[in-house]
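Here the structure is laid out as structure tokens; the discussion comes afterwards.
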Amino acid sequence: VIKTKNGDMLFDAASFDEDAEKYTIPFLEQCGVTKESLKYIFISHDHSDHAGGLKTLLPYYPNAVVLSRSSDLKERFSDYNVVVPNENDRF
């Protein structure tokens with residue numbers, strides 16, 4: 001988690017939904033991350049050890065923008081704001 005004056009960012013989303021529920025969400029709450037403050041979830045790559053907890057995490061943080069080079073993630077989580085950035089995009 002990186003906290004900035006403009007909002008919070010999370011890098012990767014746990015390995016499994018159970019991990020997100022049991023560890024990631026309580027950790028984010030301890031860090032003061034709220035559904036309003038979490039602006040971005042960066043997924044380094046679409047392997048379960050990095051993106052496996054998204055299914056559980058996204059309902060808690062529905063306004064967060066998910067950034068990933070994986071178009072598969074965009075399709076799997078079409079109810080959420082998943083962005084596949086282009087080269088040189090800035091966020």
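Chain lettering (A, B, ...) mirrors the order of the structure tokens, residue numbering begins at 1 for each chain separately, and ligand numbering begins at 1 in order of display.
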For this session: Would you list the contacts of A:His50 as a list in words, taking every protein, DNA or RNA residue within 12 Å and counting only C-alpha atoms, but skipping same-chain residues closer than 4 positions in sequence?
Result: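 Residues near the query, excluding close chain neighbours: Leu10, Phe11, Asp12, Ala13, Ala14, Ser15, Phe16, Asp17, Asp19, Ala20, Ile41, Phe42, Ile43, Ser44, His45, Asp46, Leu54, Ser68 and Leu73 of chain A.
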Dump as a CSV table (one decimal), in the first residue's frame, selection limited to C-alpha atoms:
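For reference, out_23.csv as written:
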```csv
chain,number,residue,atom,x,y,z
A,10,LEU,CA,-2.5,-1.0,-3.7
A,11,PHE,CA,0.0,-3.2,-5.6
A,12,ASP,CA,-1.4,-6.7,-6.3
A,13,ALA,CA,-4.4,-8.3,-4.6
A,14,ALA,CA,-3.4,-11.4,-2.7
A,15,SER,CA,-3.2,-15.0,-3.9
A,16,PHE,CA,-6.7,-16.2,-3.2
A,17,ASP,CA,-10.1,-14.7,-2.2
A,19,ASP,CA,-6.3,-14.4,1.7
A,20,ALA,CA,-7.9,-11.1,0.6
A,41,ILE,CA,-5.2,-1.3,-7.6
A,42,PHE,CA,-2.2,-2.1,-9.7
A,43,ILE,CA,-1.9,-5.7,-10.8
A,44,SER,CA,1.6,-6.5,-11.9
A,45,HIS,CA,0.5,-9.5,-13.9
A,46,ASP,CA,-2.5,-11.8,-14.2
A,54,LEU,CA,-9.6,-9.3,-6.8
A,68,SER,CA,-3.3,-4.1,-15.5
A,73,LEU,CA,-8.9,-9.1,-16.2
```
For this session: Just list the residues in stretch 34-89 of chain A DSSP gives strand (DSSP E) on the backbone, as a ChimeraX atom specification.
Result: /A:38-42,65-67,82-83
Exercise. Do you have the atom CA of A:Tyr61-atom CA of A:Lys5 distance handy?
Worked result: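 Between atom CA of A:Tyr61 and atom CA of A:Lys5 the gap is 18.2 Å.
Each of A:Leu67, A:Val1, A:Val83, A:Met9 was checked against A:Glu36 using only C-alpha atoms; the smallest atom-to-atom distance is that of A:Met9.
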Exercise. From the set A:Pro62, A:Asp89, A:Ser71, A:Leu57, which residue has the shortest atom-to-atom contact distance to A:Glu18, counting only C-alpha atoms?
Worked result: A:Leu57
Exercise. Of the residues A:Lys35, A:His47, A:Lys3, A:Lys22, which is the one nearest to A:Arg69, using only C-alpha atoms?
Worked result: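 Among the listed residues, A:His47 lies closest to A:Arg69.
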Which residues are close to A:Thr34, i.e. within 9 Å by only C-alpha atoms, leaving aside same-chain residues fewer than 6 positions away? Reply as a tab-separated table (two decimals) with all heavy atoms, in the first residue's frame.
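What follows is the written file around-v8.tsv:
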```tsv
chain	number	residue	atom	x	y	z
A	8	ASP	N	-4.96	6.48	-1.96
A	8	ASP	CA	-4.15	5.29	-1.68
A	8	ASP	C	-4.06	4.40	-2.91
A	8	ASP	O	-4.96	4.38	-3.74
A	8	ASP	CB	-4.78	4.50	-0.52
A	8	ASP	CG	-4.95	5.35	0.72
A	8	ASP	OD1	-4.11	6.24	0.97
A	8	ASP	OD2	-5.92	5.11	1.46
A	28	LEU	N	-5.65	-3.46	5.17
A	28	LEU	CA	-5.99	-2.15	4.59
A	28	LEU	C	-6.79	-1.31	5.58
A	28	LEU	O	-6.54	-0.11	5.72
A	28	LEU	CB	-6.77	-2.35	3.29
A	28	LEU	CG	-5.99	-2.93	2.12
A	28	LEU	CD1	-6.92	-3.27	0.96
A	28	LEU	CD2	-4.88	-2.02	1.69
A	60	TYR	N	-15.39	-4.56	-1.83
A	60	TYR	CA	-15.06	-3.68	-0.71
A	60	TYR	C	-14.61	-2.30	-1.20
A	60	TYR	O	-14.77	-1.31	-0.50
A	60	TYR	CB	-13.93	-4.29	0.13
A	60	TYR	CG	-14.39	-5.36	1.07
A	60	TYR	CD1	-14.48	-6.68	0.66
A	60	TYR	CD2	-14.72	-5.05	2.39
A	60	TYR	CE1	-14.89	-7.67	1.53
A	60	TYR	CE2	-15.13	-6.03	3.27
A	60	TYR	CZ	-15.21	-7.34	2.83
A	60	TYR	OH	-15.63	-8.32	3.70
A	61	TYR	N	-14.00	-2.26	-2.38
A	61	TYR	CA	-13.44	-1.03	-2.93
A	61	TYR	C	-13.92	-0.84	-4.36
A	61	TYR	O	-13.15	-0.82	-5.31
A	61	TYR	CB	-11.90	-1.08	-2.87
A	61	TYR	CG	-11.41	-1.33	-1.47
A	61	TYR	CD1	-11.05	-2.61	-1.05
A	61	TYR	CD2	-11.34	-0.29	-0.55
A	61	TYR	CE1	-10.62	-2.84	0.24
A	61	TYR	CE2	-10.92	-0.52	0.75
A	61	TYR	CZ	-10.56	-1.78	1.14
A	61	TYR	OH	-10.15	-2.01	2.43
```
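Put simply, atom CA of A:Pro85 is 20.3 Å away from atom CA of A:Ser48.
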Problem set entry | Separation of atom CA of A:Ile25 from atom CA of A:Ile2 in Å |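 For atom CA of A:Ile2 relative to atom CA of A:Ile25, the distance reads 14.7 Å.
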For this session: Find, counting only C-alpha atoms, the residue in A:Gly7, A:Cys31, A:Glu21, A:Phe91 that gets nearest to A:Asn63.
Result: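 Closest to A:Asn63, using only C-alpha atoms: A:Gly7.
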